[in-house]
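Engineer: Dropping in start_38.pdb, with PDB, C-alpha atoms.
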```pdb
ATOM      1  CA  MET A   1       0.000   0.000   0.000
ATOM      2  CA  ARG A   2       1.097   3.498  -0.773
ATOM      3  CA  GLN A   3       0.350   6.543   1.344
ATOM      4  CA  ALA A   4       0.041  10.055   0.103
ATOM      5  CA  ARG A   5      -0.886  13.505   1.294
ATOM      6  CA  VAL A   6      -2.812  16.206  -0.483
ATOM      7  CA  TYR A   7      -2.632  19.808   0.736
ATOM      8  CA  VAL A   8      -5.345  22.226  -0.375
ATOM      9  CA  THR A   9      -4.958  25.936   0.320
ATOM     10  CA  LEU A  10      -6.729  29.078  -0.787
ATOM     11  CA  LYS A  11      -4.840  30.810  -3.592
ATOM     12  CA  LYS A  12      -2.611  33.653  -2.408
ATOM     13  CA  SER A  13      -4.865  36.173  -4.160
ATOM     14  CA  VAL A  14      -7.982  34.949  -2.320
ATOM     15  CA  PHE A  15      -8.960  36.543   0.989
ATOM     16  CA  ASP A  16      -9.174  34.001   3.837
ATOM     17  CA  PRO A  17     -11.704  35.161   6.459
ATOM     18  CA  GLN A  18     -11.001  32.151   8.709
ATOM     19  CA  GLY A  19      -7.238  32.676   8.640
ATOM     20  CA  LYS A  20      -7.730  36.356   9.439
ATOM     21  CA  THR A  21      -9.980  35.526  12.400
ATOM     22  CA  ILE A  22      -7.425  33.043  13.764
ATOM     23  CA  HIS A  23      -4.646  35.604  13.290
ATOM     24  CA  GLU A  24      -6.615  38.232  15.213
ATOM     25  CA  ALA A  25      -7.290  35.733  18.005
ATOM     26  CA  LEU A  26      -3.564  34.974  18.257
ATOM     27  CA  LEU A  27      -2.734  38.675  18.400
ATOM     28  CA  SER A  28      -5.313  39.191  21.125
ATOM     29  CA  LEU A  29      -3.604  36.407  23.114
ATOM     30  CA  GLY A  30      -0.370  38.358  22.886
ATOM     31  CA  TYR A  31       1.406  36.459  20.096
ATOM     32  CA  ALA A  32       2.590  39.689  18.533
ATOM     33  CA  ASP A  33       5.192  37.989  16.337
ATOM     34  CA  VAL A  34       2.559  36.202  14.250
ATOM     35  CA  ARG A  35       2.355  38.114  10.979
ATOM     36  CA  GLY A  36      -0.432  36.164   9.321
ATOM     37  CA  VAL A  37      -2.357  32.879   9.224
ATOM     38  CA  ARG A  38      -3.845  31.070   6.231
ATOM     39  CA  GLN A  39      -6.076  28.075   6.823
ATOM     40  CA  GLY A  40      -6.097  25.066   4.501
ATOM     41  CA  LYS A  41      -7.001  21.390   4.297
ATOM     42  CA  PHE A  42      -4.926  18.274   4.464
ATOM     43  CA  PHE A  43      -5.916  14.794   3.222
ATOM     44  CA  GLU A  44      -4.265  11.453   3.966
ATOM     45  CA  VAL A  45      -4.899   9.151   1.019
ATOM     46  CA  GLU A  46      -4.221   5.429   0.909
ATOM     47  CA  LEU A  47      -3.555   3.921  -2.496
ATOM     48  CA  GLY A  48      -2.989   0.408  -3.796
ATOM     49  CA  ASP A  49       0.466  -0.704  -4.897
ATOM     50  CA  LEU A  50       0.879   1.675  -7.796
ATOM     51  CA  GLU A  51       4.019   2.701  -9.639
ATOM     52  CA  PRO A  52       5.071   6.150  -8.321
ATOM     53  CA  ALA A  53       4.353   7.797 -11.666
ATOM     54  CA  ARG A  54       0.831   6.354 -11.818
ATOM     55  CA  ALA A  55       0.192   7.201  -8.186
ATOM     56  CA  GLU A  56       1.237  10.811  -8.786
ATOM     57  CA  ALA A  57      -0.974  11.079 -11.845
ATOM     58  CA  LEU A  58      -3.959   9.637  -9.988
ATOM     59  CA  LEU A  59      -3.423  11.943  -7.005
ATOM     60  CA  GLY A  60      -3.055  14.957  -9.266
ATOM     61  CA  GLU A  61      -6.343  14.122 -10.938
ATOM     62  CA  ILE A  62      -8.392  13.642  -7.758
ATOM     63  CA  ALA A  63      -6.793  16.676  -6.130
ATOM     64  CA  GLN A  64      -7.773  18.866  -9.091
ATOM     65  CA  ARG A  65     -11.140  17.328  -9.829
ATOM     66  CA  VAL A  66     -12.538  16.615  -6.375
ATOM     67  CA  LEU A  67     -10.435  17.670  -3.412
ATOM     68  CA  SER A  68      -9.958  21.282  -4.500
ATOM     69  CA  ASN A  69     -11.956  23.923  -6.321
ATOM     70  CA  PRO A  70      -9.533  25.438  -8.849
ATOM     71  CA  VAL A  71     -11.453  28.745  -8.847
ATOM     72  CA  ILE A  72     -10.263  29.525  -5.326
ATOM     73  CA  GLU A  73      -7.830  26.825  -4.228
ATOM     74  CA  SER A  74      -4.473  25.381  -5.180
ATOM     75  CA  CYS A  75      -3.279  21.920  -4.249
ATOM     76  CA  ARG A  76      -0.047  20.033  -3.747
ATOM     77  CA  VAL A  77       0.386  16.265  -3.615
ATOM     78  CA  GLU A  78       3.081  14.379  -1.771
ATOM     79  CA  LEU A  79       3.768  10.668  -2.191
ATOM     80  CA  LEU A  80       5.188   9.144   0.976
ATOM     81  CA  PRO A  81       8.156   6.784   0.604
TER      82      PRO A  81
ATOM     83  CA  MET B   1     -45.790  24.193 -16.049
ATOM     84  CA  LYS B   2     -44.182  21.259 -14.253
ATOM     85  CA  VAL B   3     -41.147  21.880 -12.065
ATOM     86  CA  GLY B   4     -38.748  19.272 -10.691
ATOM     87  CA  VAL B   5     -37.207  19.942  -7.270
ATOM     88  CA  LEU B   6     -33.973  18.030  -6.633
ATOM     89  CA  VAL B   7     -33.550  16.357  -3.255
ATOM     90  CA  PHE B   8     -30.120  15.515  -1.852
ATOM     91  CA  PRO B   9     -29.399  14.102   1.605
ATOM     92  CA  GLY B  10     -29.317  17.324   3.628
ATOM     93  CA  SER B  11     -31.507  19.458   1.357
ATOM     94  CA  ASN B  12     -33.784  21.478   3.624
ATOM     95  CA  CYS B  13     -35.518  23.989   1.366
ATOM     96  CA  ASP B  14     -36.863  21.380  -1.048
ATOM     97  CA  HIS B  15     -40.343  21.386   0.496
ATOM     98  CA  ASP B  16     -40.454  25.198   0.528
ATOM     99  CA  ALA B  17     -39.669  25.328  -3.196
ATOM    100  CA  TYR B  18     -42.212  22.578  -3.898
ATOM    101  CA  HIS B  19     -44.810  24.462  -1.827
ATOM    102  CA  VAL B  20     -44.337  27.709  -3.751
ATOM    103  CA  VAL B  21     -44.637  26.042  -7.158
ATOM    104  CA  LYS B  22     -47.580  23.837  -6.220
ATOM    105  CA  HIS B  23     -49.602  25.805  -3.693
ATOM    106  CA  VAL B  24     -48.688  29.453  -4.281
ATOM    107  CA  LEU B  25     -48.463  29.329  -8.074
ATOM    108  CA  GLY B  26     -50.865  26.407  -8.524
ATOM    109  CA  GLN B  27     -48.513  24.612 -10.928
ATOM    110  CA  ALA B  28     -47.293  21.015 -10.969
ATOM    111  CA  ALA B  29     -44.253  20.099  -8.907
ATOM    112  CA  VAL B  30     -42.377  16.845  -8.409
ATOM    113  CA  PHE B  31     -39.431  15.859  -6.220
ATOM    114  CA  VAL B  32     -36.420  14.285  -7.946
ATOM    115  CA  TRP B  33     -34.189  12.099  -5.729
ATOM    116  CA  HIS B  34     -30.429  12.540  -6.126
ATOM    117  CA  ARG B  35     -29.901   8.895  -7.112
ATOM    118  CA  GLU B  36     -32.110   9.157 -10.193
ATOM    119  CA  THR B  37     -30.234   8.950 -13.460
ATOM    120  CA  ARG B  38     -33.109  10.206 -15.581
ATOM    121  CA  LEU B  39     -35.302  13.239 -15.056
ATOM    122  CA  PRO B  40     -39.098  13.068 -15.208
ATOM    123  CA  ALA B  41     -40.763  15.174 -17.915
ATOM    124  CA  VAL B  42     -40.385  18.641 -16.401
ATOM    125  CA  ASP B  43     -40.168  22.163 -17.831
ATOM    126  CA  ALA B  44     -37.721  23.465 -15.242
ATOM    127  CA  LEU B  45     -35.568  22.349 -12.333
ATOM    128  CA  ILE B  46     -34.897  23.871  -8.937
ATOM    129  CA  VAL B  47     -31.762  22.907  -7.009
ATOM    130  CA  PRO B  48     -32.826  23.861  -3.482
ATOM    131  CA  GLY B  49     -30.958  25.105  -0.447
ATOM    132  CA  GLY B  50     -29.728  23.114   2.513
ATOM    133  CA  PHE B  51     -26.540  21.346   3.441
ATOM    134  CA  SER B  52     -26.236  18.620   0.817
ATOM    135  CA  TYR B  53     -24.048  15.775   2.079
ATOM    136  CA  GLY B  54     -23.396  17.829   5.214
ATOM    137  CA  ASP B  55     -21.359  20.332   3.142
ATOM    138  CA  TYR B  56     -18.460  17.890   3.539
ATOM    139  CA  LEU B  57     -15.275  18.799   1.652
ATOM    140  CA  ARG B  58     -16.760  22.067   0.281
ATOM    141  CA  THR B  59     -20.305  23.347  -0.050
ATOM    142  CA  GLY B  60     -21.887  21.545  -2.997
ATOM    143  CA  ALA B  61     -18.734  19.575  -3.766
ATOM    144  CA  ILE B  62     -20.128  16.081  -3.162
ATOM    145  CA  ALA B  63     -23.616  16.779  -4.514
ATOM    146  CA  ARG B  64     -22.024  17.806  -7.777
ATOM    147  CA  PHE B  65     -21.082  14.117  -8.331
ATOM    148  CA  ALA B  66     -24.549  12.738  -7.430
ATOM    149  CA  PRO B  67     -26.008  10.438 -10.123
ATOM    150  CA  VAL B  68     -28.762  12.937 -11.009
ATOM    151  CA  MET B  69     -26.288  15.711 -11.845
ATOM    152  CA  ARG B  70     -25.322  14.232 -15.208
ATOM    153  CA  ALA B  71     -28.973  14.564 -16.269
ATOM    154  CA  VAL B  72     -29.116  18.095 -14.813
ATOM    155  CA  VAL B  73     -26.089  19.189 -16.852
ATOM    156  CA  GLU B  74     -27.661  17.712 -19.970
ATOM    157  CA  PHE B  75     -31.035  19.396 -19.183
ATOM    158  CA  ALA B  76     -29.314  22.774 -18.724
ATOM    159  CA  GLY B  77     -27.326  22.188 -21.913
ATOM    160  CA  ARG B  78     -30.589  21.969 -23.852
ATOM    161  CA  GLY B  79     -31.414  25.500 -22.676
ATOM    162  CA  ALA B  80     -34.037  24.430 -20.119
ATOM    163  CA  PRO B  81     -34.435  26.655 -17.017
ATOM    164  CA  VAL B  82     -32.502  25.651 -13.898
ATOM    165  CA  LEU B  83     -32.575  27.695 -10.668
ATOM    166  CA  GLY B  84     -30.021  27.153  -7.903
ATOM    167  CA  ILE B  85     -30.936  28.638  -4.539
ATOM    168  CA  CYS B  86     -28.268  29.020  -1.816
ATOM    169  CA  ASN B  87     -26.687  25.542  -1.512
ATOM    170  CA  GLY B  88     -28.241  24.816  -4.926
ATOM    171  CA  PHE B  89     -26.275  27.777  -6.320
ATOM    172  CA  GLN B  90     -23.095  26.362  -4.781
ATOM    173  CA  ILE B  91     -23.817  22.939  -6.318
ATOM    174  CA  LEU B  92     -24.287  24.503  -9.777
ATOM    175  CA  GLN B  93     -20.989  26.359  -9.371
ATOM    176  CA  GLU B  94     -19.190  23.154  -8.432
ATOM    177  CA  ALA B  95     -20.807  21.444 -11.432
ATOM    178  CA  GLY B  96     -19.446  24.164 -13.714
ATOM    179  CA  LEU B  97     -22.919  25.347 -14.757
ATOM    180  CA  LEU B  98     -22.458  28.753 -13.108
ATOM    181  CA  PRO B  99     -19.345  30.902 -12.668
ATOM    182  CA  GLY B 100     -17.502  31.684  -9.455
ATOM    183  CA  ALA B 101     -17.033  30.034  -6.083
ATOM    184  CA  MET B 102     -18.182  30.874  -2.552
ATOM    185  CA  LEU B 103     -15.809  31.825   0.216
ATOM    186  CA  ARG B 104     -16.656  31.951   3.916
ATOM    187  CA  ASN B 105     -18.636  35.122   4.712
ATOM    188  CA  ARG B 106     -16.326  38.079   5.250
ATOM    189  CA  HIS B 107     -17.001  38.329   8.981
ATOM    190  CA  VAL B 108     -17.086  34.510   9.301
ATOM    191  CA  GLN B 109     -20.537  34.302  10.945
ATOM    192  CA  PHE B 110     -23.470  32.386   9.537
ATOM    193  CA  LEU B 111     -25.920  35.096   8.420
ATOM    194  CA  SER B 112     -29.677  34.652   8.709
ATOM    195  CA  GLN B 113     -31.435  37.919   7.888
ATOM    196  CA  ASP B 114     -33.409  39.803   5.268
ATOM    197  CA  VAL B 115     -31.439  41.456   2.461
ATOM    198  CA  HIS B 116     -32.327  43.837  -0.343
ATOM    199  CA  LEU B 117     -31.537  42.706  -3.851
ATOM    200  CA  ARG B 118     -31.321  44.865  -6.923
ATOM    201  CA  VAL B 119     -32.465  43.217 -10.128
ATOM    202  CA  GLU B 120     -29.734  43.819 -12.734
ATOM    203  CA  ARG B 121     -31.075  41.814 -15.679
ATOM    204  CA  ASP B 122     -34.533  41.035 -16.989
ATOM    205  CA  ASP B 123     -33.303  38.744 -19.773
ATOM    206  CA  THR B 124     -32.925  35.482 -17.850
ATOM    207  CA  ALA B 125     -35.348  32.584 -17.438
ATOM    208  CA  PHE B 126     -36.092  33.729 -13.865
ATOM    209  CA  THR B 127     -36.241  37.519 -14.134
ATOM    210  CA  GLY B 128     -38.298  38.181 -17.265
ATOM    211  CA  GLY B 129     -40.888  40.867 -16.525
ATOM    212  CA  LEU B 130     -38.972  42.297 -13.571
ATOM    213  CA  ARG B 131     -37.538  45.803 -13.963
ATOM    214  CA  PRO B 132     -33.759  46.259 -13.877
ATOM    215  CA  GLY B 133     -33.084  48.522 -10.895
ATOM    216  CA  GLU B 134     -36.034  47.395  -8.805
ATOM    217  CA  VAL B 135     -35.359  46.132  -5.292
ATOM    218  CA  LEU B 136     -36.622  42.825  -3.868
ATOM    219  CA  THR B 137     -36.514  41.824  -0.208
ATOM    220  CA  MET B 138     -35.893  38.238   0.859
ATOM    221  CA  PRO B 139     -33.835  36.364   3.450
ATOM    222  CA  ILE B 140     -30.380  34.863   3.295
ATOM    223  CA  ALA B 141     -29.223  31.973   5.504
ATOM    224  CA  HIS B 142     -25.660  30.946   4.770
ATOM    225  CA  GLY B 143     -22.128  30.785   6.103
ATOM    226  CA  GLU B 144     -20.450  30.655   2.710
ATOM    227  CA  GLY B 145     -22.019  33.135   0.322
ATOM    228  CA  ASN B 146     -19.075  35.403  -0.328
ATOM    229  CA  PHE B 147     -19.029  35.280  -4.137
ATOM    230  CA  TYR B 148     -15.549  35.170  -5.585
ATOM    231  CA  LEU B 149     -13.984  35.394  -9.030
ATOM    232  CA  PRO B 150     -10.644  36.941  -9.982
ATOM    233  CA  GLU B 151     -10.913  40.604 -11.086
ATOM    234  CA  ASP B 152     -10.406  39.954 -14.811
ATOM    235  CA  GLU B 153     -13.105  37.275 -14.798
ATOM    236  CA  LEU B 154     -15.438  39.615 -12.896
ATOM    237  CA  ASP B 155     -14.951  42.174 -15.671
ATOM    238  CA  ARG B 156     -15.847  39.558 -18.263
ATOM    239  CA  LEU B 157     -18.897  38.477 -16.246
ATOM    240  CA  GLU B 158     -20.150  42.067 -16.044
ATOM    241  CA  GLN B 159     -19.526  42.724 -19.730
ATOM    242  CA  ALA B 160     -21.456  39.578 -20.645
ATOM    243  CA  GLY B 161     -24.389  40.794 -18.517
ATOM    244  CA  GLN B 162     -24.306  37.731 -16.285
ATOM    245  CA  VAL B 163     -24.684  39.548 -12.957
ATOM    246  CA  VAL B 164     -28.399  39.129 -12.194
ATOM    247  CA  PHE B 165     -28.750  40.343  -8.575
ATOM    248  CA  ARG B 166     -26.683  42.547  -6.237
ATOM    249  CA  TYR B 167     -26.915  43.232  -2.518
ATOM    250  CA  VAL B 168     -27.971  46.866  -2.083
ATOM    251  CA  SER B 169     -29.483  49.231   0.468
ATOM    252  CA  ARG B 170     -33.264  49.395   0.824
ATOM    253  CA  ASP B 171     -33.372  52.204  -1.748
ATOM    254  CA  GLY B 172     -31.258  50.305  -4.259
ATOM    255  CA  ARG B 173     -27.830  51.877  -3.739
ATOM    256  CA  LEU B 174     -24.578  49.942  -3.615
ATOM    257  CA  ASP B 175     -23.406  50.168  -0.017
ATOM    258  CA  PRO B 176     -20.619  48.143   1.638
ATOM    259  CA  GLN B 177     -22.883  47.739   4.711
ATOM    260  CA  ALA B 178     -25.581  46.122   2.587
ATOM    261  CA  ASN B 179     -23.118  43.658   1.074
ATOM    262  CA  VAL B 180     -23.297  41.620   4.253
ATOM    263  CA  ASN B 181     -21.195  38.615   3.212
ATOM    264  CA  GLY B 182     -18.503  40.608   1.401
ATOM    265  CA  SER B 183     -19.223  39.279  -2.096
ATOM    266  CA  SER B 184     -17.090  40.558  -4.971
ATOM    267  CA  ARG B 185     -18.924  43.560  -6.461
ATOM    268  CA  ALA B 186     -21.876  42.785  -4.170
ATOM    269  CA  ILE B 187     -22.918  39.917  -6.433
ATOM    270  CA  ALA B 188     -25.866  37.934  -5.029
ATOM    271  CA  GLY B 189     -26.910  36.100  -8.183
ATOM    272  CA  VAL B 190     -25.543  35.249 -11.621
ATOM    273  CA  CYS B 191     -26.593  33.415 -14.752
ATOM    274  CA  ASN B 192     -24.795  31.296 -17.339
ATOM    275  CA  ALA B 193     -23.994  32.498 -20.849
ATOM    276  CA  GLY B 194     -27.224  30.923 -22.135
ATOM    277  CA  ARG B 195     -29.237  32.846 -19.460
ATOM    278  CA  ASN B 196     -31.291  29.708 -18.664
ATOM    279  CA  VAL B 197     -29.338  28.765 -15.530
ATOM    280  CA  VAL B 198     -29.581  31.235 -12.627
ATOM    281  CA  GLY B 199     -28.168  30.962  -9.117
ATOM    282  CA  LEU B 200     -28.724  33.209  -6.124
ATOM    283  CA  MET B 201     -27.794  33.001  -2.445
ATOM    284  CA  PRO B 202     -30.999  34.622  -1.054
ATOM    285  CA  HIS B 203     -34.126  32.489  -0.675
ATOM    286  CA  PRO B 204     -37.068  33.551  -2.898
ATOM    287  CA  GLU B 205     -39.003  30.446  -1.786
ATOM    288  CA  ARG B 206     -38.965  31.719   1.816
ATOM    289  CA  ALA B 207     -40.425  35.056   0.785
ATOM    290  CA  ALA B 208     -43.234  34.150  -1.583
ATOM    291  CA  GLU B 209     -46.255  34.924   0.616
ATOM    292  CA  HIS B 210     -47.193  38.060   2.563
ATOM    293  CA  GLU B 211     -47.605  35.952   5.721
ATOM    294  CA  LEU B 212     -43.842  35.367   5.604
ATOM    295  CA  GLY B 213     -43.004  39.060   5.611
ATOM    296  CA  SER B 214     -42.358  39.466   1.902
ATOM    297  CA  ALA B 215     -43.917  38.121  -1.274
ATOM    298  CA  ASP B 216     -41.134  39.471  -3.496
ATOM    299  CA  GLY B 217     -39.652  36.011  -4.006
ATOM    300  CA  ARG B 218     -42.828  34.878  -5.697
ATOM    301  CA  ARG B 219     -41.944  37.087  -8.653
ATOM    302  CA  ILE B 220     -38.932  34.886  -9.487
ATOM    303  CA  PHE B 221     -41.258  31.871  -9.740
ATOM    304  CA  GLU B 222     -43.840  33.840 -11.729
ATOM    305  CA  ALA B 223     -41.104  34.937 -14.136
ATOM    306  CA  LEU B 224     -40.228  31.262 -14.624
ATOM    307  CA  ALA B 225     -43.873  30.391 -15.319
ATOM    308  CA  ARG B 226     -44.032  33.149 -17.950
ATOM    309  CA  ALA B 227     -40.787  31.959 -19.560
ATOM    310  CA  VAL B 228     -42.022  28.355 -19.707
ATOM    311  CA  LEU B 229     -45.376  29.417 -21.146
ATOM    312  CA  ALA B 230     -43.662  31.527 -23.815
ATOM    313  CA  ALA B 231     -41.226  28.743 -24.793
TER     314      ALA B 231
END
```
Just dump the structure as structure tokens.
Structural biologist:
Amino acid sequence: MRQARVYVTLKKSVFDPQGKTIHEALLSLGYADVRGVRQGKFFEVELGDLEPARAEALLGEIAQRVLSNPVIESCRVELLP
Amino acid sequence: MKVGVLVFPGSNCDHDAYHVVKHVLGQAAVFVWHRETRLPAVDALIVPGGFSYGDYLRTGAIARFAPVMRAVVEFAGRGAPVLGICNGFQILQEAGLLPGAMLRNRHVQFLSQDVHLRVERDDTAFTGGLRPGEVLTMPIAHGEGNFYLPEDELDRLEQAGQVVFRYVSRDGRLDPQANVNGSSRAIAGVCNAGRNVVGLMPHPERAAEHELGSADGRRIFEALARAVLAA
């Protein structure tokens, strides 16, 4: 079995109300060094015994087609060794 | 006129939409379960509000892959009228039938309140006979209704006349305070290029009788009935 991770984040150009709220909460707790927070999603995906190239292609497809919305989000896949 | 109302696990405005079509307008209405692969013979479809599939992953993201959606895309492709309300709007965006995506509301809270909407276009399947510039009052109830598109795509959307409703003040002026969820250019509703698919975040089906505080929403359904009759 192969394990993989998919990270989905709002594009840099997209305002993140949740991240901003978390940032403000941190500042109000006194964490003055925090300059910004962006919230995202993280998926652990289990795959069958696929060749790395096929696994990457499959992950890329599901990340683009299902796990993220390309209008607002970008994604990154990571195949674990 | 016969209208199909889609039902997903978690839809919660399906009965309201059915009620308006059947009992307020006196037209035929039928529920369509999300597992159906073929649509009954209907003149129009409503994708209602709610929290389809618990809004897991993203709002509308799972519903977009429901078996019935292939038939919905084909129905819309034939030019037939499709209305997405609230979560239904989000589902149609995820399905690629309507432009844009919804972000969390600007101030993060779930908003449940009346809003004022300015009608921008009278050339869609759901706004024929309304006057551009007139103001309708109906409620919103959503946590993710902050319409987003990149600036250049917003320009193209405006030029193509696809912005159908905007959040405005009671007297119809653009006002940052009235744009409660922070939508790009105060956009509350849009249509596709063919003008037969319309989505809006506010709930016309919850404001279609005077007993509910506003009957303005009824006019969206009456516009549909006129469009179907004229087709």
Engineer: List every protein, DNA or RNA residue that has an atom no more than 12 Å from (-9.1, 14.6, -6.8) in the file's coordinate frame, counting only C-alpha atoms, and report them as a list in words.
Structural biologist: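 The residues near that point, listed by chain and number, are Arg5, Val6, Tyr7, Val8, Phe43, Val45, Ala55, Glu56, Ala57, Leu58, Leu59, Gly60, Glu61, Ile62, Ala63, Gln64, Arg65, Val66, Leu67, Ser68, Asn69, Pro70, Ser74, Cys75, Arg76 and Val77 of chain A; Leu57, Ala61 and Ile62 of chain B.
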Engineer: As a count of residues only, could you give me every residue of chain A near chain B (at most 7 Å apart, counting only C-alpha atoms)?
Structural biologist: 4
Engineer: With only C-alpha atoms as the atoms that count, which of B:Arg173, B:Arg195, B:Arg218, B:Arg38 lies nearest to Leu98 (chain B)?
Structural biologist: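 Between B:Arg173, B:Arg195, B:Arg218, B:Arg38, the residue approaching Leu98 (chain B) most closely is B:Arg195.
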Engineer: For the provided coordinates, the residues matched by the PyMOL selection byres ((chain A and resi 36) around 8) should be stated as a ChimeraX atom specification.
Structural biologist: /A:19-20,23,34-35,37-38
Engineer: Got time to write the residues from that selection, C-alpha atoms, as a PDB file, in the frame of the given file?
Structural biologist:
```
ATOM      1  CA  GLY A  19      -7.238  32.676   8.640  1.00  0.00           C
ATOM      2  CA  LYS A  20      -7.730  36.356   9.439  1.00  0.00           C
ATOM      3  CA  HIS A  23      -4.646  35.604  13.290  1.00  0.00           C
ATOM      4  CA  VAL A  34       2.559  36.202  14.250  1.00  0.00           C
ATOM      5  CA  ARG A  35       2.355  38.114  10.979  1.00  0.00           C
ATOM      6  CA  VAL A  37      -2.357  32.879   9.224  1.00  0.00           C
ATOM      7  CA  ARG A  38      -3.845  31.070   6.231  1.00  0.00           C
TER       8      ARG A  38
END
```
Engineer: Which residues, named as in the file, does the PyMOL selection byres ((chain B and resi 53) around 12) pick out? Answer as a count of residues only.
Structural biologist: 26
Engineer: Which one is closest to Gly189 (chain B): B:Ile46, B:Ile85, B:Val21, B:Leu229? Count all atoms listed in the file.
Structural biologist: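 Result for the nearest residue to Gly189 (chain B): B:Ile85.
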Engineer: Determine the nearest neighbour of Gly143 (chain B) from the options B:Ala178, B:Ala41, B:Val198, B:Cys86, counting only C-alpha atoms.
Structural biologist: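 Closest to Gly143 (chain B) of all the choices is B:Cys86.
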Engineer: Step by step, work through what the PyMOL selection byres ((chain B and resi 24) around 10) selects in the shown file, and finish by giving those residues as a VMD selection string.
Structural biologist: chain B and resid 17 to 23 25 to 27 208 to 209 218 221 to 222
Engineer: Distance CA of Val3 (chain B)-CA of Gly88 (chain B), one decimal place?
Structural biologist: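 A separation of 15.0 Å between them.
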Engineer: Interatomic distance between CA of Asp43 (chain B) and CA of Gln90 (chain B)?
Structural biologist: 21.9 Å
Engineer: Would you compute the distance between CA of Leu47 (chain A) and CA of Leu79 (chain A)? Give it in Å to one decimal.
Structural biologist: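 Answer for the CA of Leu47 (chain A) to CA of Leu79 (chain A) separation: 10.0 Å.
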